[in-house]
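Participant: File start_4.cif below, mmCIF, C-alpha atoms:
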```cif
data_target
loop_
_atom_site.group_PDB
_atom_site.id
_atom_site.type_symbol
_atom_site.label_atom_id
_atom_site.label_comp_id
_atom_site.auth_asym_id
_atom_site.auth_seq_id
_atom_site.Cartn_x
_atom_site.Cartn_y
_atom_site.Cartn_z
ATOM 1 C CA MET G 1 13.146 9.756 5.702
ATOM 2 C CA LEU G 2 9.896 8.161 4.553
ATOM 3 C CA GLN G 3 9.103 8.396 0.850
ATOM 4 C CA GLY G 4 5.549 8.860 -0.388
ATOM 5 C CA GLU G 5 4.314 9.339 -3.934
ATOM 6 C CA ARG G 6 4.326 13.153 -3.742
ATOM 7 C CA VAL G 7 5.936 13.961 -0.399
ATOM 8 C CA GLN G 8 8.753 12.932 1.880
ATOM 9 C CA LEU G 9 8.381 12.741 5.637
ATOM 10 C CA ARG G 10 11.600 13.820 7.298
ATOM 11 C CA ALA G 11 12.807 14.583 10.781
ATOM 12 C CA LEU G 12 11.538 17.863 12.125
ATOM 13 C CA GLU G 13 14.369 20.358 12.596
ATOM 14 C CA ARG G 14 14.743 23.283 14.972
ATOM 15 C CA GLY G 15 15.021 25.520 11.887
ATOM 16 C CA ASP G 16 11.432 24.543 10.966
ATOM 17 C CA LEU G 17 10.016 26.103 14.116
ATOM 18 C CA PRO G 18 9.653 29.731 12.874
ATOM 19 C CA THR G 19 7.648 28.473 9.883
ATOM 20 C CA ILE G 20 5.447 26.334 12.117
ATOM 21 C CA VAL G 21 4.833 29.305 14.430
ATOM 22 C CA ARG G 22 3.825 31.414 11.407
ATOM 23 C CA TRP G 23 1.373 28.695 10.307
ATOM 24 C CA PHE G 24 -0.073 28.221 13.796
ATOM 25 C CA ASN G 25 -0.590 31.966 14.152
ATOM 26 C CA ASP G 26 -2.728 32.021 11.000
ATOM 27 C CA PRO G 27 -6.314 32.111 12.340
ATOM 28 C CA ALA G 28 -7.569 29.706 9.631
ATOM 29 C CA VAL G 29 -4.922 27.092 10.520
ATOM 30 C CA ARG G 30 -5.415 27.611 14.244
ATOM 31 C CA ARG G 31 -9.152 27.041 13.886
ATOM 32 C CA ARG G 32 -8.699 23.714 12.055
ATOM 33 C CA LEU G 33 -6.440 22.632 14.910
ATOM 34 C CA ALA G 34 -9.019 23.847 17.441
ATOM 35 C CA ARG G 35 -6.320 26.041 18.964
ATOM 36 C CA VAL G 36 -7.494 29.361 20.335
ATOM 37 C CA GLU G 37 -4.338 31.133 21.449
ATOM 38 C CA PRO G 38 -1.553 32.389 19.198
ATOM 39 C CA MET G 39 1.781 30.602 19.588
ATOM 40 C CA SER G 40 5.161 32.066 20.462
ATOM 41 C CA LEU G 41 8.483 30.789 19.181
ATOM 42 C CA ALA G 42 9.556 30.138 22.784
ATOM 43 C CA GLU G 43 6.498 27.933 23.330
ATOM 44 C CA GLU G 44 7.227 25.985 20.156
ATOM 45 C CA GLU G 45 10.890 25.575 21.167
ATOM 46 C CA ARG G 46 9.813 24.104 24.537
ATOM 47 C CA TRP G 47 7.493 21.698 22.678
ATOM 48 C CA PHE G 48 10.313 20.713 20.308
ATOM 49 C CA ASP G 49 12.735 20.070 23.193
ATOM 50 C CA ALA G 50 10.149 17.817 24.870
ATOM 51 C CA LEU G 51 9.520 16.057 21.542
ATOM 52 C CA LEU G 52 13.198 15.122 21.306
ATOM 53 C CA ARG G 53 12.871 13.221 24.612
ATOM 54 C CA ALA G 54 9.376 11.793 24.033
ATOM 55 C CA THR G 55 8.746 8.086 23.561
ATOM 56 C CA THR G 56 5.055 8.483 22.781
ATOM 57 C CA GLU G 57 5.308 11.010 19.932
ATOM 58 C CA VAL G 58 6.584 10.608 16.365
ATOM 59 C CA VAL G 59 6.429 13.844 14.351
ATOM 60 C CA PHE G 60 7.693 14.492 10.819
ATOM 61 C CA GLY G 61 8.133 17.481 8.561
ATOM 62 C CA ILE G 62 6.311 17.143 5.232
ATOM 63 C CA VAL G 63 8.369 18.140 2.189
ATOM 64 C CA ASP G 64 6.813 18.341 -1.281
ATOM 65 C CA ASP G 65 8.440 17.047 -4.471
ATOM 66 C CA ASN G 66 10.167 20.442 -4.902
ATOM 67 C CA GLY G 67 11.854 20.118 -1.510
ATOM 68 C CA VAL G 68 9.619 22.743 0.128
ATOM 69 C CA PHE G 69 8.608 22.272 3.775
ATOM 70 C CA VAL G 70 4.789 22.363 3.611
ATOM 71 C CA GLY G 71 3.552 20.877 6.879
ATOM 72 C CA THR G 72 3.883 18.453 9.735
ATOM 73 C CA CYS G 73 2.266 15.158 10.594
ATOM 74 C CA GLY G 74 2.676 12.737 13.407
ATOM 75 C CA LEU G 75 1.506 10.004 15.691
ATOM 76 C CA HIS G 76 0.657 11.273 19.152
ATOM 77 C CA ARG G 77 -0.089 9.675 22.515
ATOM 78 C CA ILE G 78 1.342 6.381 21.276
ATOM 79 C CA ASP G 79 0.282 3.542 23.556
ATOM 80 C CA TRP G 80 2.929 0.890 22.873
ATOM 81 C CA ARG G 81 1.227 -1.762 25.032
ATOM 82 C CA ASN G 82 -2.145 -1.486 23.297
ATOM 83 C CA ARG G 83 -0.521 -0.504 19.982
ATOM 84 C CA HIS G 84 -2.533 2.586 19.098
ATOM 85 C CA ALA G 85 -1.913 6.275 18.441
ATOM 86 C CA ALA G 86 -3.672 9.487 17.455
ATOM 87 C CA LEU G 87 -2.865 11.015 14.069
ATOM 88 C CA GLY G 88 -2.369 14.726 13.490
ATOM 89 C CA ILE G 89 -1.491 16.685 10.372
ATOM 90 C CA VAL G 90 -1.274 20.272 9.202
ATOM 91 C CA ILE G 91 -0.507 21.662 5.768
ATOM 92 C CA GLY G 92 0.461 25.211 6.658
ATOM 93 C CA ASP G 93 -0.012 27.529 3.695
ATOM 94 C CA ALA G 94 -3.322 27.782 1.857
ATOM 95 C CA ALA G 95 -1.483 27.510 -1.491
ATOM 96 C CA ASP G 96 -0.271 24.010 -0.525
ATOM 97 C CA GLN G 97 -3.689 22.771 0.569
ATOM 98 C CA GLY G 98 -5.882 20.872 -1.865
ATOM 99 C CA ARG G 99 -2.898 19.525 -3.830
ATOM 100 C CA GLY G 100 -3.077 15.966 -2.435
ATOM 101 C CA LEU G 101 0.009 16.482 -0.284
ATOM 102 C CA GLY G 102 -1.869 15.840 2.960
ATOM 103 C CA THR G 103 -3.437 12.666 1.588
ATOM 104 C CA ASP G 104 -0.041 11.345 0.529
ATOM 105 C CA ALA G 105 1.504 12.345 3.861
ATOM 106 C CA VAL G 106 -1.221 10.520 5.820
ATOM 107 C CA ARG G 107 -0.895 7.469 3.551
ATOM 108 C CA THR G 108 2.883 7.445 4.120
ATOM 109 C CA LEU G 109 2.476 7.937 7.870
ATOM 110 C CA LEU G 110 -0.021 5.056 8.068
ATOM 111 C CA ARG G 111 2.394 2.778 6.241
ATOM 112 C CA HIS G 112 5.040 3.669 8.820
ATOM 113 C CA ALA G 113 2.607 3.208 11.731
ATOM 114 C CA PHE G 114 1.463 -0.242 10.690
ATOM 115 C CA ALA G 115 4.435 -1.719 8.815
ATOM 116 C CA ASN G 116 7.356 -0.256 10.788
ATOM 117 C CA LEU G 117 6.019 0.561 14.248
ATOM 118 C CA GLY G 118 3.651 -2.399 14.526
ATOM 119 C CA LEU G 119 0.669 -0.334 15.616
ATOM 120 C CA HIS G 120 -2.790 -1.882 15.434
ATOM 121 C CA ARG G 121 -4.983 1.218 15.500
ATOM 122 C CA VAL G 122 -4.609 4.828 14.391
ATOM 123 C CA GLU G 123 -7.366 7.231 15.331
ATOM 124 C CA LEU G 124 -8.111 10.907 14.890
ATOM 125 C CA GLU G 125 -10.587 13.631 15.691
ATOM 126 C CA VAL G 126 -11.630 16.122 13.031
ATOM 127 C CA LEU G 127 -13.907 19.156 13.254
ATOM 128 C CA ALA G 128 -17.240 18.280 11.650
ATOM 129 C CA ASP G 129 -17.073 21.407 9.473
ATOM 130 C CA ASN G 130 -13.612 20.548 8.054
ATOM 131 C CA ALA G 131 -14.919 18.961 4.851
ATOM 132 C CA PRO G 132 -11.543 18.784 3.023
ATOM 133 C CA ALA G 133 -9.930 16.842 5.878
ATOM 134 C CA ILE G 134 -12.911 14.508 6.191
ATOM 135 C CA ARG G 135 -12.767 13.783 2.432
ATOM 136 C CA CYS G 136 -9.041 13.027 2.749
ATOM 137 C CA TYR G 137 -9.574 10.578 5.602
ATOM 138 C CA GLU G 138 -12.527 8.902 3.887
ATOM 139 C CA ARG G 139 -10.517 8.585 0.656
ATOM 140 C CA LEU G 140 -7.924 6.689 2.700
ATOM 141 C CA ALA G 141 -10.688 4.434 4.113
ATOM 142 C CA PHE G 142 -10.779 5.754 7.669
ATOM 143 C CA VAL G 143 -13.971 4.601 9.391
ATOM 144 C CA ARG G 144 -16.237 6.987 11.287
ATOM 145 C CA GLU G 145 -16.693 5.687 14.802
ATOM 146 C CA GLY G 146 -18.783 8.416 16.321
ATOM 147 C CA VAL G 147 -19.375 12.054 17.029
ATOM 148 C CA ARG G 148 -18.507 14.094 20.087
ATOM 149 C CA LYS G 149 -21.428 16.507 20.008
ATOM 150 C CA ASP G 150 -20.574 20.177 20.704
ATOM 151 C CA ALA G 151 -17.065 19.178 21.781
ATOM 152 C CA ARG G 152 -15.281 22.425 20.798
ATOM 153 C CA PHE G 153 -16.273 26.050 21.264
ATOM 154 C CA LEU G 154 -14.850 27.988 18.322
ATOM 155 C CA ASP G 155 -15.732 31.380 16.907
ATOM 156 C CA GLY G 156 -18.652 31.763 19.294
ATOM 157 C CA ALA G 157 -20.315 28.419 18.527
ATOM 158 C CA PHE G 158 -20.038 24.773 19.487
ATOM 159 C CA VAL G 159 -18.695 22.399 16.835
ATOM 160 C CA ASP G 160 -18.909 18.605 16.747
ATOM 161 C CA LEU G 161 -15.820 16.407 16.527
ATOM 162 C CA ILE G 162 -15.953 13.346 14.303
ATOM 163 C CA LEU G 163 -14.004 10.353 15.590
ATOM 164 C CA MET G 164 -12.358 8.219 12.893
ATOM 165 C CA ARG G 165 -10.048 5.231 12.948
ATOM 166 C CA MET G 166 -8.103 2.761 10.859
ATOM 167 C CA LEU G 167 -6.982 -0.689 11.977
ATOM 168 C CA SER G 168 -3.868 -2.441 10.733
ATOM 169 C CA SER G 169 -6.084 -5.108 9.103
ATOM 170 C CA GLU G 170 -7.741 -2.368 7.006
ATOM 171 C CA TRP G 171 -4.712 -0.397 5.887
ATOM 172 C CA SER G 172 -3.056 -2.433 3.122
ATOM 173 C CA THR G 173 -5.572 -1.696 0.420
ATOM 174 C CA ALA G 174 -6.517 1.705 1.810
ATOM 175 C CA VAL G 175 -3.040 3.187 1.711
ATOM 176 C CA THR G 176 -1.925 1.839 -1.636
ATOM 177 C CA PRO G 177 -1.790 4.901 -3.878
ATOM 178 C CA PRO G 178 -3.563 4.779 -7.208
ATOM 179 C CA ARG G 179 -1.239 3.864 -10.038
ATOM 180 C CA ARG G 180 -0.241 6.765 -12.190
ATOM 181 C CA ARG G 181 -0.908 6.182 -15.832
ATOM 182 C CA ARG G 182 2.101 6.555 -18.021
ATOM 183 C CA ARG G 183 1.666 8.632 -21.089
ATOM 184 C CA PRO G 184 2.558 6.926 -24.346
ATOM 185 C CA THR G 185 5.863 8.091 -25.730
#
```
So, in terms of structure tokens, how does the structure I just supplied come out?
Facilitator:
Amino acid sequence: MLQGERVQLRALERGDLPTIVRWFNDPAVRRRLARVEPMSLAEEERWFDALLRATTEVVFGIVDDNGVFVGTCGLHRIDWRNRHAALGIVIGDAADQGRGLGTDAVRTLLRHAFANLGLHRVELEVLADNAPAIRCYERLAFVREGVRKDARFLDGAFVDLILMRMLSSEWSTAVTPPRRRRRPT
């Protein structure tokens, strides 16, 4: 288990799969993931079984400070030789979005990627119209590297993908959470 300021990253469990399927079948969540088709539980179970054998994927369940499973995050397509990976995250329910849980989960995942796994580069792609995600990544000091113009066709229109990255040499100050002020007693 990896401890953040507001979340814990824990092993994904088979019992999480029905919740993930519910999230991924929400059109708003599916759009942010650039996924068109609904997902079946059987499909998610096949993915989970492959994940258990994978050496290039590290995926966690995100649990908030009340112990509620709120999302998933992970490092995908890990290239151990060149020491880089792609980051992915989803906070499933709208009520859990905008609470800083995703930012803390990404910060915690980056710490794991650079300090524990020895990665050099973590990159991601984000839909250009996903302003909350872009703000999160910029707050954590991800650097914009470019734009893939009209890279996704969603809801009848083409959408750009923004490419962002963080290098291990940039992460130490970027992922240090702000200190919480203690109230006088």
Participant: Can you work out which one of G:Ile134, G:Cys73, G:Leu140, G:Val126 has the shortest atom-to-atom distance to Ala11 (chain G), counting only C-alpha atoms?
Facilitator: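 Ranked by minimum distance to Ala11 (chain G), first place goes to G:Cys73.
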Participant: Could you list, as a PDB file with C-alpha atoms, keeping the file's coordinate frame, every residue matched by the PyMOL selection byres ((chain G and resi 22-29) around 12) in this structure?
Facilitator:
```pdb
ATOM      1  CA  ASP G  16      11.432  24.543  10.966  1.00  0.00           C
ATOM      2  CA  LEU G  17      10.016  26.103  14.116  1.00  0.00           C
ATOM      3  CA  PRO G  18       9.653  29.731  12.874  1.00  0.00           C
ATOM      4  CA  THR G  19       7.648  28.473   9.883  1.00  0.00           C
ATOM      5  CA  ILE G  20       5.447  26.334  12.117  1.00  0.00           C
ATOM      6  CA  VAL G  21       4.833  29.305  14.430  1.00  0.00           C
ATOM      7  CA  ARG G  30      -5.415  27.611  14.244  1.00  0.00           C
ATOM      8  CA  ARG G  31      -9.152  27.041  13.886  1.00  0.00           C
ATOM      9  CA  ARG G  32      -8.699  23.714  12.055  1.00  0.00           C
ATOM     10  CA  LEU G  33      -6.440  22.632  14.910  1.00  0.00           C
ATOM     11  CA  ALA G  34      -9.019  23.847  17.441  1.00  0.00           C
ATOM     12  CA  ARG G  35      -6.320  26.041  18.964  1.00  0.00           C
ATOM     13  CA  VAL G  36      -7.494  29.361  20.335  1.00  0.00           C
ATOM     14  CA  GLU G  37      -4.338  31.133  21.449  1.00  0.00           C
ATOM     15  CA  PRO G  38      -1.553  32.389  19.198  1.00  0.00           C
ATOM     16  CA  MET G  39       1.781  30.602  19.588  1.00  0.00           C
ATOM     17  CA  SER G  40       5.161  32.066  20.462  1.00  0.00           C
ATOM     18  CA  LEU G  41       8.483  30.789  19.181  1.00  0.00           C
ATOM     19  CA  GLU G  43       6.498  27.933  23.330  1.00  0.00           C
ATOM     20  CA  GLU G  44       7.227  25.985  20.156  1.00  0.00           C
ATOM     21  CA  PHE G  69       8.608  22.272   3.775  1.00  0.00           C
ATOM     22  CA  VAL G  70       4.789  22.363   3.611  1.00  0.00           C
ATOM     23  CA  GLY G  71       3.552  20.877   6.879  1.00  0.00           C
ATOM     24  CA  THR G  72       3.883  18.453   9.735  1.00  0.00           C
ATOM     25  CA  ILE G  89      -1.491  16.685  10.372  1.00  0.00           C
ATOM     26  CA  VAL G  90      -1.274  20.272   9.202  1.00  0.00           C
ATOM     27  CA  ILE G  91      -0.507  21.662   5.768  1.00  0.00           C
ATOM     28  CA  GLY G  92       0.461  25.211   6.658  1.00  0.00           C
ATOM     29  CA  ASP G  93      -0.012  27.529   3.695  1.00  0.00           C
ATOM     30  CA  ALA G  94      -3.322  27.782   1.857  1.00  0.00           C
ATOM     31  CA  ASP G  96      -0.271  24.010  -0.525  1.00  0.00           C
ATOM     32  CA  GLN G  97      -3.689  22.771   0.569  1.00  0.00           C
ATOM     33  CA  ASN G 130     -13.612  20.548   8.054  1.00  0.00           C
ATOM     34  CA  LEU G 154     -14.850  27.988  18.322  1.00  0.00           C
ATOM     35  CA  ASP G 155     -15.732  31.380  16.907  1.00  0.00           C
TER      36      ASP G 155
END
```
Participant: Pull out every residue that the PyMOL selection byres ((chain G and resi 53-65) around 8) matches in the shown coordinates and put them as JSON, numbers by chain.
Facilitator: {"G": [6, 7, 8, 9, 10, 11, 12, 13, 49, 50, 51, 52, 66, 67, 68, 69, 70, 71, 72, 73, 74, 75, 76, 77, 78, 79, 80, 101, 105]}
Participant: For a test of reading the model, state the distance in Å between CA of Asp160 (chain G) and CA of Ala128 (chain G), rounded to one decimal.
Facilitator: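 Taking CA of Asp160 (chain G) as the start and CA of Ala128 (chain G) as the end point, the length is 5.4 Å.
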Participant: For Arg144 (chain G), work out the shell of residues within 10 Å, counting all atoms listed in the file and skipping chain neighbours fewer than 3 positions away, then give it as a ChimeraX atom specification.
Facilitator: /G:123-125,134,137-138,141,147,162-166
Participant: So how far away is CA of Gly98 (chain G) from CA of Ala131 (chain G), in Å?
Facilitator: 11.4 Å
Participant: Determine the nearest neighbour of Gly102 (chain G) from the options G:Gly146, G:Gly15, G:Gly118, G:Gly4, counting all atoms listed in the file.
Facilitator: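 Smallest distance to Gly102 (chain G) is found for G:Gly4.
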Participant: Selection in question (the file shown): the PyMOL selection byres ((chain G and resi 122) around 8). Which residues does it include, as a list of chain:residue names?
Facilitator: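 On the file shown, the PyMOL selection byres ((chain G and resi 122) around 8) covers G:His84, G:Ala85, G:Ala86, G:Leu87, G:Leu110, G:Ala113, G:Leu119, G:His120, G:Arg121, G:Glu123, G:Leu124, G:Arg165, G:Met166, G:Leu167.
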Participant: Could you check how far CA of Thr108 (chain G) sits from CA of Ala95 (chain G), in Å to one decimal?
Facilitator: 21.3 Å
Participant: Using all atoms of region 9-22 of chain G listed in the file and a margin of 8 Å per side, can you give the axis-aligned box centre and edge lengths in Å to one decimal, as lines of an AutoDock Vina configuration file?
Facilitator:
```
center_x = 9.4
center_y = 22.1
center_z = 10.3
size_x = 27.2
size_y = 34.7
size_z = 25.3
```
